[in-house]
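J.: Handing you this structure, nothing more for now.
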Amino acid sequence: MLPGQVVYIGLLLQFIGQISYIASIFRGHAKPNLVSWFIWMLAPMIGFFFLVQAGAGFSALPIFMAGFGPAIIILFSIFIKNGYWKINAFDLYCGALALLALIFYVVTHNLGISIIFAMLSDSLAAVPTIVKSWKFPETESGLLFFLAMLSNILGLLTIKVWSFSISIFGIFVVIQCVVILFCIYRKKIFKF
C-alpha cells in the first residue's frame, strides 16, 4: 500500500496526458470523439457536485480534475479546424444510452448499483472512441490513456481496505485504458 499523497502524482500524470492530447489535437493527429469526451466530462462533474454537497473539501479535487480535463479537450477540439471526429448515428446512440445510465447513476440510492451504472455510462461513452481507435488508430494519442491507466493504478495502490465500492471503478478504468491502448497500437505491435 502506498501513501495517499501518491494520488497527487496521479493527478499530475493525468494533467500531463491531457496537455499532450491537446498538443496532439493542435498537430492534427488526435481527433477526439466528442460524444465520449462529453460523457467523460459530465459524469465526474456530477460526482464533484455531489461531493461538494456532501461537504467534501480538497478531497473532491481529483474528481473535479477528471471532468475539467475532458472539458478543456472538448473546447480545444471545437475551436481547432478539423479538431474532432465526425459524429455518426452510432455515436449518438451510445451517447444517449450513456446519458440514460448516468441518470440511473444519479437517482440510484444504492452505492453498489450506482457504481455499476457509472461504469456502464463510462463504458457506453468509451465505445465510440474504442471503435474509432480500432478503425483509425492514427486519430488517437495513446499517451493520455497510458498516463490515465498509471494514475488509476497508483490510486488503487493507495487503497487501505479493499472493497467492491472502493476499488471496482479504478480497476474498470485501468481495463478500459488497456482496451483503448490495444486498439491504438495493435497494428504497430501485433501487425493486425
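Within each chain, counting starts at residue 1; across the C-alpha cells, chains are named A, B, ... in the order shown, with ligands numbered 1 upward in that order.
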So which residues touch Phe182 of chain A within 12 Å, counting only C-alpha atoms, skipping near sequence neighbours fewer than 4 positions away, as a ChimeraX atom specification?
T.: /A:130-131,133-135,137,140-142,145-146,175-178,186-192
J.: Go ahead and write the residues just picked, C-alpha atoms, as a PDB file, in the first residue's frame.
T.:
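So out17.pdb came out as:
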ATOM      1  CA  ILE A 130     -12.821   2.353 -28.987  1.00  0.00           C
ATOM      2  CA  VAL A 131     -14.412   1.802 -32.415  1.00  0.00           C
ATOM      3  CA  SER A 133      -9.324   3.751 -32.333  1.00  0.00           C
ATOM      4  CA  TRP A 134      -9.731   0.280 -33.833  1.00  0.00           C
ATOM      5  CA  LYS A 135     -10.597   1.532 -37.329  1.00  0.00           C
ATOM      6  CA  PRO A 137      -5.739   4.372 -34.703  1.00  0.00           C
ATOM      7  CA  GLU A 140      -5.796   8.929 -31.269  1.00  0.00           C
ATOM      8  CA  SER A 141      -2.905   9.678 -28.954  1.00  0.00           C
ATOM      9  CA  GLY A 142      -2.094   6.853 -26.594  1.00  0.00           C
ATOM     10  CA  PHE A 145      -4.721   6.776 -21.922  1.00  0.00           C
ATOM     11  CA  PHE A 146      -1.396   5.324 -20.758  1.00  0.00           C
ATOM     12  CA  ILE A 175      -9.049  -2.124 -18.118  1.00  0.00           C
ATOM     13  CA  GLN A 176     -10.758   0.460 -20.328  1.00  0.00           C
ATOM     14  CA  CYS A 177      -7.450   2.272 -20.891  1.00  0.00           C
ATOM     15  CA  VAL A 178      -5.765  -1.045 -21.788  1.00  0.00           C
ATOM     16  CA  ARG A 186      -2.360  -3.184 -32.241  1.00  0.00           C
ATOM     17  CA  LYS A 187      -1.222  -2.605 -35.833  1.00  0.00           C
ATOM     18  CA  LYS A 188       2.213  -1.415 -34.748  1.00  0.00           C
ATOM     19  CA  ILE A 189       2.789  -4.157 -32.186  1.00  0.00           C
ATOM     20  CA  PHE A 190       0.879  -7.159 -33.453  1.00  0.00           C
ATOM     21  CA  LYS A 191       0.705  -6.410 -37.208  1.00  0.00           C
ATOM     22  CA  PHE A 192      -3.076  -6.981 -37.476  1.00  0.00           C
TER      23      PHE A 192
END
J.: Tell me which of A:Gln53, A:Asn110, A:Ser20, A:Thr139 sits closest to Ile73 of chain A, counting only C-alpha atoms.
T.: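 For Ile73 of chain A, the nearest of the candidates is A:Ser20.
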J.: Give me, as number ranges by chain, all polymer residues having an atom no more than 10 Å from Tyr8 of chain A, counting only C-alpha atoms and skipping those fewer than 2 positions away in the same chain.
T.: A: 4-6, 10-14, 61-62, 151, 154-155
J.: Name the closest residue to Asn88 of chain A among the candidates A:Ile153, A:Leu120, A:Val35, A:Ile22; distances are taken between atoms, counting only C-alpha atoms.
T.: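 Nearest candidate to Asn88 of chain A out of A:Ile153, A:Leu120, A:Val35, A:Ile22: A:Val35.
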J.: What's around Ile103 of chain A at 10 Å? Count only C-alpha atoms, leave out sequence neighbours fewer than 4 positions away in its own chain, and write the answer as a list of chain:residue names.
T.: A:Ala43, A:Leu97, A:Ala98, A:Leu99, A:Val107, A:Thr108, A:Ser114, A:Phe117, A:Ala118, A:Ser121
J.: Write the residues you've just listed into a file as a PDB file, in the first residue's frame, and include C-alpha atoms for each of them.
T.:
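Okay, part-v8.pdb is ready:
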ATOM      1  CA  ALA A  43     -20.011  12.239 -15.120  1.00  0.00           C
ATOM      2  CA  LEU A  97     -27.541   5.195 -23.598  1.00  0.00           C
ATOM      3  CA  ALA A  98     -24.588   6.584 -21.619  1.00  0.00           C
ATOM      4  CA  LEU A  99     -26.715   9.554 -20.530  1.00  0.00           C
ATOM      5  CA  VAL A 107     -31.049   8.655  -8.940  1.00  0.00           C
ATOM      6  CA  THR A 108     -29.985   5.278  -7.538  1.00  0.00           C
ATOM      7  CA  SER A 114     -24.907   3.353  -8.526  1.00  0.00           C
ATOM      8  CA  PHE A 117     -24.458   2.491 -13.579  1.00  0.00           C
ATOM      9  CA  ALA A 118     -21.484   4.872 -13.506  1.00  0.00           C
ATOM     10  CA  SER A 121     -22.220   5.051 -18.577  1.00  0.00           C
TER      11      SER A 121
END
